>>> print(open('structure-v4.cif').read())   # mmCIF, C-alpha atoms
data_run
loop_
_atom_site.group_PDB
_atom_site.id
_atom_site.type_symbol
_atom_site.label_atom_id
_atom_site.label_comp_id
_atom_site.auth_asym_id
_atom_site.auth_seq_id
_atom_site.Cartn_x
_atom_site.Cartn_y
_atom_site.Cartn_z
ATOM 1 C CA MET A 291 -6.170 41.714 -0.295
ATOM 2 C CA SER A 292 -2.503 41.795 -1.291
ATOM 3 C CA VAL A 293 -1.129 39.316 -3.809
ATOM 4 C CA VAL A 294 2.604 38.837 -4.336
ATOM 5 C CA ILE A 295 4.064 36.752 -7.148
ATOM 6 C CA ASN A 296 7.143 34.949 -5.833
ATOM 7 C CA GLY A 297 8.553 33.397 -8.976
ATOM 8 C CA SER A 298 9.439 29.813 -8.074
ATOM 9 C CA ALA A 299 7.655 29.959 -4.693
ATOM 10 C CA GLY A 300 4.167 30.592 -6.064
ATOM 11 C CA VAL A 301 1.680 33.260 -5.103
ATOM 12 C CA THR A 302 1.414 34.679 -1.583
ATOM 13 C CA VAL A 303 -1.956 36.085 -0.507
ATOM 14 C CA ASN A 304 -2.119 38.586 2.391
ATOM 15 C CA SER A 305 1.415 37.651 3.470
ATOM 16 C CA GLY A 306 0.049 34.213 4.322
ATOM 17 C CA ALA A 307 -0.105 30.945 2.495
ATOM 18 C CA VAL A 308 1.987 30.322 -0.577
ATOM 19 C CA LEU A 309 -0.291 29.118 -3.354
ATOM 20 C CA GLY A 310 1.355 26.721 -5.727
ATOM 21 C CA ILE A 311 2.905 23.290 -5.494
ATOM 22 C CA THR A 312 5.603 22.683 -2.892
ATOM 23 C CA SER A 313 7.819 19.610 -3.063
ATOM 24 C CA GLY A 314 9.025 17.767 -0.015
ATOM 25 C CA THR A 315 12.460 16.172 -0.028
ATOM 26 C CA ALA A 316 12.578 12.707 -1.580
ATOM 27 C CA VAL A 317 13.419 10.016 0.960
ATOM 28 C CA ALA A 318 15.123 6.743 0.074
ATOM 29 C CA SER A 319 12.842 3.942 1.275
ATOM 30 C CA THR A 320 15.753 1.580 1.844
ATOM 31 C CA SER A 321 15.580 1.085 5.617
ATOM 32 C CA GLY A 322 13.339 1.497 8.635
ATOM 33 C CA THR A 323 9.705 0.640 9.247
ATOM 34 C CA SER A 324 8.221 4.106 8.614
ATOM 35 C CA ILE A 325 8.906 7.357 6.771
ATOM 36 C CA ASP A 326 7.439 10.610 8.106
ATOM 37 C CA PHE A 327 6.800 13.894 6.334
ATOM 38 C CA THR A 328 6.191 16.489 9.052
ATOM 39 C CA SER A 329 5.603 20.237 9.419
ATOM 40 C CA ILE A 330 3.000 20.280 6.658
ATOM 41 C CA PRO A 331 1.478 23.809 6.730
ATOM 42 C CA SER A 332 -2.081 24.220 8.032
ATOM 43 C CA TRP A 333 -3.249 25.812 4.754
ATOM 44 C CA VAL A 334 -2.577 22.670 2.684
ATOM 45 C CA LYS A 335 -5.648 21.332 0.869
ATOM 46 C CA ARG A 336 -4.082 18.599 -1.291
ATOM 47 C CA ILE A 337 -1.122 16.251 -0.846
ATOM 48 C CA THR A 338 0.292 13.947 -3.501
ATOM 49 C CA VAL A 339 2.352 11.014 -2.223
ATOM 50 C CA MET A 340 4.640 9.530 -4.868
ATOM 51 C CA PHE A 341 6.050 6.002 -4.633
ATOM 52 C CA ASN A 342 9.004 5.043 -6.839
ATOM 53 C CA ALA A 343 9.771 1.288 -6.818
ATOM 54 C CA VAL A 344 9.091 1.039 -3.057
ATOM 55 C CA SER A 345 9.386 -2.422 -1.554
ATOM 56 C CA THR A 346 9.733 -4.089 1.816
ATOM 57 C CA ASN A 347 11.326 -7.250 3.159
ATOM 58 C CA GLY A 348 7.943 -8.810 4.005
ATOM 59 C CA SER A 349 4.404 -9.373 2.807
ATOM 60 C CA SER A 350 2.624 -6.528 4.609
ATOM 61 C CA ILE A 351 1.032 -3.896 2.315
ATOM 62 C CA PRO A 352 2.485 -0.362 2.454
ATOM 63 C CA GLN A 353 0.037 2.214 3.803
ATOM 64 C CA ILE A 354 -0.235 5.935 4.480
ATOM 65 C CA GLN A 355 -1.318 7.261 7.862
ATOM 66 C CA LEU A 356 -2.306 10.868 8.552
ATOM 67 C CA GLY A 357 -1.563 12.870 11.654
ATOM 68 C CA ASP A 358 -2.030 16.130 13.488
ATOM 69 C CA SER A 359 -0.479 17.821 16.537
ATOM 70 C CA GLY A 360 -1.627 14.829 18.635
ATOM 71 C CA GLY A 361 0.420 12.390 16.529
ATOM 72 C CA VAL A 362 -0.213 9.894 13.746
ATOM 73 C CA GLU A 363 -3.721 8.392 13.792
ATOM 74 C CA THR A 364 -3.770 4.604 13.393
ATOM 75 C CA THR A 365 -7.516 3.860 13.433
ATOM 76 C CA GLY A 366 -10.722 5.091 11.813
ATOM 77 C CA TYR A 367 -9.741 4.823 8.140
ATOM 78 C CA VAL A 368 -12.343 3.597 5.662
ATOM 79 C CA GLY A 369 -11.110 2.410 2.303
ATOM 80 C CA THR A 370 -10.512 -0.336 -0.175
ATOM 81 C CA ILE A 371 -8.061 -0.987 -2.987
ATOM 82 C CA SER A 372 -8.326 -3.577 -5.750
ATOM 83 C CA SER A 373 -5.974 -4.873 -8.387
ATOM 84 C CA TYR A 374 -7.013 -4.020 -11.914
ATOM 85 C CA SER A 375 -7.242 -7.717 -12.699
ATOM 86 C CA GLY A 376 -9.563 -8.220 -9.725
ATOM 87 C CA ALA A 377 -7.284 -10.917 -8.334
ATOM 88 C CA SER A 378 -6.528 -9.004 -5.124
ATOM 89 C CA ASN A 379 -8.686 -6.764 -2.962
ATOM 90 C CA ALA A 380 -7.803 -5.236 0.396
ATOM 91 C CA ASN A 381 -9.626 -3.149 2.979
ATOM 92 C CA SER A 382 -8.047 -1.226 5.820
ATOM 93 C CA THR A 383 -9.072 0.634 8.962
ATOM 94 C CA THR A 384 -5.453 1.395 9.966
ATOM 95 C CA GLY A 385 -4.352 3.465 6.967
ATOM 96 C CA ILE A 386 -4.676 4.263 3.274
ATOM 97 C CA LEU A 387 -3.360 1.259 1.352
ATOM 98 C CA ALA A 388 -0.815 1.783 -1.413
ATOM 99 C CA ASN A 389 -1.317 -1.580 -3.102
ATOM 100 C CA ALA A 390 -3.851 -4.420 -3.216
ATOM 101 C CA ALA A 391 -1.354 -7.122 -2.206
ATOM 102 C CA GLY A 392 1.916 -7.419 -0.367
ATOM 103 C CA ASN A 393 4.909 -9.575 -1.137
ATOM 104 C CA ALA A 394 8.613 -9.198 -0.423
ATOM 105 C CA GLY A 395 9.214 -9.282 -4.182
ATOM 106 C CA TYR A 396 6.759 -6.519 -5.075
ATOM 107 C CA SER A 397 7.809 -2.957 -5.699
ATOM 108 C CA CYS A 398 5.129 -0.269 -5.688
ATOM 109 C CA THR A 399 5.155 2.734 -8.018
ATOM 110 C CA GLY A 400 2.371 5.263 -8.260
ATOM 111 C CA ILE A 401 0.516 8.243 -6.874
ATOM 112 C CA ILE A 402 -1.832 8.593 -3.947
ATOM 113 C CA THR A 403 -3.711 11.887 -3.834
ATOM 114 C CA LEU A 404 -5.120 13.189 -0.549
ATOM 115 C CA ALA A 405 -7.548 16.120 -0.477
ATOM 116 C CA THR A 406 -9.514 17.740 2.321
ATOM 117 C CA LEU A 407 -13.232 18.348 2.216
ATOM 118 C CA GLY A 408 -12.929 20.589 5.282
ATOM 119 C CA SER A 409 -13.603 19.825 8.957
ATOM 120 C CA ASN A 410 -10.399 17.712 9.006
ATOM 121 C CA LEU A 411 -11.967 15.161 6.620
ATOM 122 C CA TRP A 412 -9.461 13.828 4.085
ATOM 123 C CA VAL A 413 -10.260 11.636 1.081
ATOM 124 C CA ALA A 414 -7.775 9.675 -0.997
ATOM 125 C CA SER A 415 -7.512 8.121 -4.429
ATOM 126 C CA MET A 416 -4.840 5.562 -5.136
ATOM 127 C CA VAL A 417 -3.360 4.450 -8.462
ATOM 128 C CA THR A 418 -0.280 2.231 -8.233
ATOM 129 C CA THR A 419 1.396 -0.630 -10.034
ATOM 130 C CA THR A 420 3.854 -3.392 -9.204
ATOM 131 C CA ASP A 421 7.148 -3.992 -10.957
ATOM 132 C CA PRO A 422 6.377 -5.489 -14.401
ATOM 133 C CA ALA A 423 8.986 -8.217 -13.880
ATOM 134 C CA ILE A 424 7.044 -9.523 -10.878
ATOM 135 C CA GLY A 425 3.519 -9.716 -12.169
ATOM 136 C CA ASN A 426 2.625 -6.305 -13.505
ATOM 137 C CA PHE A 427 -0.700 -5.535 -11.873
ATOM 138 C CA SER A 428 -2.168 -2.133 -11.195
ATOM 139 C CA SER A 429 -4.213 -1.209 -8.139
ATOM 140 C CA VAL A 430 -6.889 1.456 -7.773
ATOM 141 C CA GLY A 431 -8.800 2.514 -4.697
ATOM 142 C CA ALA A 432 -10.315 5.188 -2.528
ATOM 143 C CA ALA A 433 -10.355 5.960 1.194
ATOM 144 C CA ARG A 434 -11.320 8.545 3.789
ATOM 145 C CA LYS A 435 -10.211 9.625 7.253
ATOM 146 C CA THR A 436 -11.403 12.358 9.625
ATOM 147 C CA LEU A 437 -8.622 13.663 11.855
ATOM 148 C CA SER A 438 -9.139 15.051 15.335
ATOM 149 C CA ASP A 439 -7.296 18.280 14.384
ATOM 150 C CA THR A 440 -5.560 19.993 11.427
ATOM 151 C CA LEU A 441 -3.298 17.672 9.407
ATOM 152 C CA ASP A 442 0.421 18.400 9.822
ATOM 153 C CA ARG A 443 2.102 15.065 9.035
ATOM 154 C CA VAL A 444 1.965 12.013 6.779
ATOM 155 C CA ARG A 445 3.526 8.654 7.630
ATOM 156 C CA ILE A 446 4.298 5.806 5.228
ATOM 157 C CA THR A 447 4.559 2.431 6.933
ATOM 158 C CA THR A 448 3.134 -1.072 6.467
ATOM 159 C CA VAL A 449 -0.074 -2.596 7.780
ATOM 160 C CA ASN A 450 1.835 -4.746 10.298
ATOM 161 C CA GLY A 451 4.215 -1.874 11.135
ATOM 162 C CA THR A 452 7.222 -4.197 11.333
ATOM 163 C CA ASP A 453 8.254 -4.933 7.729
ATOM 164 C CA THR A 454 11.333 -2.927 6.737
ATOM 165 C CA PHE A 455 11.588 -0.826 3.582
ATOM 166 C CA ASP A 456 14.380 -2.133 1.356
ATOM 167 C CA ALA A 457 14.188 -0.295 -1.998
ATOM 168 C CA GLY A 458 12.854 2.778 -3.776
ATOM 169 C CA SER A 459 12.015 6.330 -2.789
ATOM 170 C CA ILE A 460 9.020 8.357 -1.600
ATOM 171 C CA ASN A 461 8.236 12.058 -1.840
ATOM 172 C CA ILE A 462 5.264 14.361 -1.404
ATOM 173 C CA LEU A 463 3.930 17.449 -3.132
ATOM 174 C CA TYR A 464 1.522 19.722 -1.309
ATOM 175 C CA GLU A 465 -0.625 22.658 -2.263
#
>>> encode(input="structure-v4.cif", output="structure tokens")
Amino acid sequence: MSVVINGSAGVTVNSGAVLGITSGTAVASTSGTSIDFTSIPSWVKRITVMFNAVSTNGSSIPQIQLGDSGGVETTGYVGTISSYSGASNANSTTGILANAAGNAGYSCTGIITLATLGSNLWVASMVTTTDPAIGNFSSVGAARKTLSDTLDRVRITTVNGTDTFDAGSINILYE
């Protein structure tokens, strides 16, 4: 086995995967109905999706969908998210929810961690909060999804798929 230390790039093993944390490019979530992060390397085992004051023009909850070479998968998710106060709970089969409730006035900030258990099975944990000026509630949850092939993309959209992003930014880290 050969191991090369690449300074800021991490550690390369056998001229293959770079081990370390790689940052995507932050995307302003100020327009459009979805944001895609593509070309995720096949060796990735964990992805962190970061929301910074993300909001939409409608009441549909933001969600994350996973994809492979066949495209983004929109069914077969199992998960739930609840507000810390218990006032809102949401379940989804179409994606991994980023918040327990949707509202045009809400902005979502937080981290959603995705990790693979192998065999294209991904699990997620979600910890987010709304803008304190709007109601200041935190949401926590968990979800899972088995893909038909190796993950290579992550999409952020809304449950209804039609609400438009109008504020904030989103980025990913992968390792």
>>> closest_residue(input="structure-v4.cif", among="A:Arg434, A:Ser397, A:Ser459, A:Phe341", to="Thr383 in chain A", atoms="all atoms listed in the file")
A:Arg434
>>> residues_near_point(input="structure-v4.cif", point="(-11.5, 15.4, 15.3)", cutoff="9 Å", atoms="all atoms listed in the file", output="MDAnalysis selection string")
chainID A and resid 409:411 436:440
>>> write_last_selection(input="structure-v4.cif", atoms="C-alpha atoms", output="short mmCIF file (atom, residue, chain, number, x, y, z; two decimals), in the coordinates of the input")
data_model
loop_
_atom_site.label_atom_id
_atom_site.label_comp_id
_atom_site.auth_asym_id
_atom_site.auth_seq_id
_atom_site.Cartn_x
_atom_site.Cartn_y
_atom_site.Cartn_z
CA SER A 409 -13.60 19.82 8.96
CA ASN A 410 -10.40 17.71 9.01
CA LEU A 411 -11.97 15.16 6.62
CA THR A 436 -11.40 12.36 9.62
CA LEU A 437 -8.62 13.66 11.86
CA SER A 438 -9.14 15.05 15.34
CA ASP A 439 -7.30 18.28 14.38
CA THR A 440 -5.56 19.99 11.43
#
>>> atom_distance(input="structure-v4.cif", atom1="CA of Thr328 in chain A", atom2="CA of Ala432 in chain A")
23.1 Å
>>> closest_residue(input="structure-v4.cif", among="A:Ala457, A:Ala405, A:Ile311, A:Ile446", to="Pro352 in chain A", atoms="all atoms listed in the file")
A:Ile446
>>> atom_distance(input="structure-v4.cif", atom1="CA of Val317 in chain A", atom2="CA of Val344 in chain A")
10.7 Å
>>> build_atoms(input="structure-v4.cif", residues="range 392-408 of chain A", atoms="N, CA and C atoms", output="JSON list (two decimals), keeping the file's coordinate frame")
[["chain", "number", "residue", "atom", "x", "y", "z"],
["A", 392, "GLY", "N", 0.54, -7.59, -0.83],
["A", 392, "GLY", "CA", 1.92, -7.42, -0.37],
["A", 392, "GLY", "C", 2.73, -8.67, -0.62],
["A", 393, "ASN", "N", 4.00, -8.48, -0.90],
["A", 393, "ASN", "CA", 4.91, -9.57, -1.14],
["A", 393, "ASN", "C", 6.31, -8.99, -1.10],
["A", 394, "ALA", "N", 7.24, -9.70, -0.52],
["A", 394, "ALA", "CA", 8.61, -9.20, -0.42],
["A", 394, "ALA", "C", 9.21, -8.90, -1.80],
["A", 395, "GLY", "N", 8.69, -9.52, -2.84],
["A", 395, "GLY", "CA", 9.21, -9.28, -4.18],
["A", 395, "GLY", "C", 8.57, -8.12, -4.91],
["A", 396, "TYR", "N", 7.47, -7.60, -4.39],
["A", 396, "TYR", "CA", 6.76, -6.52, -5.08],
["A", 396, "TYR", "C", 7.43, -5.18, -4.85],
["A", 397, "SER", "N", 7.45, -4.36, -5.88],
["A", 397, "SER", "CA", 7.81, -2.96, -5.70],
["A", 397, "SER", "C", 6.62, -2.12, -6.18],
["A", 398, "CYS", "N", 6.32, -1.08, -5.43],
["A", 398, "CYS", "CA", 5.13, -0.27, -5.69],
["A", 398, "CYS", "C", 5.54, 1.08, -6.27],
["A", 399, "THR", "N", 4.94, 1.44, -7.40],
["A", 399, "THR", "CA", 5.16, 2.73, -8.02],
["A", 399, "THR", "C", 3.79, 3.35, -8.30],
["A", 400, "GLY", "N", 3.64, 4.62, -7.97],
["A", 400, "GLY", "CA", 2.37, 5.26, -8.26],
["A", 400, "GLY", "C", 2.14, 6.50, -7.43],
["A", 401, "ILE", "N", 0.90, 6.99, -7.51],
["A", 401, "ILE", "CA", 0.52, 8.24, -6.87],
["A", 401, "ILE", "C", -0.73, 8.03, -6.03],
["A", 402, "ILE", "N", -0.67, 8.57, -4.83],
["A", 402, "ILE", "CA", -1.83, 8.59, -3.95],
["A", 402, "ILE", "C", -2.13, 10.06, -3.66],
["A", 403, "THR", "N", -3.32, 10.49, -4.01],
["A", 403, "THR", "CA", -3.71, 11.89, -3.83],
["A", 403, "THR", "C", -4.64, 12.00, -2.64],
["A", 404, "LEU", "N", -4.31, 12.91, -1.73],
["A", 404, "LEU", "CA", -5.12, 13.19, -0.55],
["A", 404, "LEU", "C", -5.67, 14.60, -0.69],
["A", 405, "ALA", "N", -6.95, 14.79, -0.40],
["A", 405, "ALA", "CA", -7.55, 16.12, -0.48],
["A", 405, "ALA", "C", -8.52, 16.28, 0.68],
["A", 406, "THR", "N", -8.60, 17.50, 1.21],
["A", 406, "THR", "CA", -9.51, 17.74, 2.32],
["A", 406, "THR", "C", -10.85, 18.28, 1.82],
["A", 407, "LEU", "N", -11.89, 17.83, 2.48],
["A", 407, "LEU", "CA", -13.23, 18.35, 2.22],
["A", 407, "LEU", "C", -13.62, 19.35, 3.30],
["A", 408, "GLY", "N", -12.67, 19.70, 4.16],
["A", 408, "GLY", "CA", -12.93, 20.59, 5.28],
["A", 408, "GLY", "C", -13.25, 19.78, 6.53]]
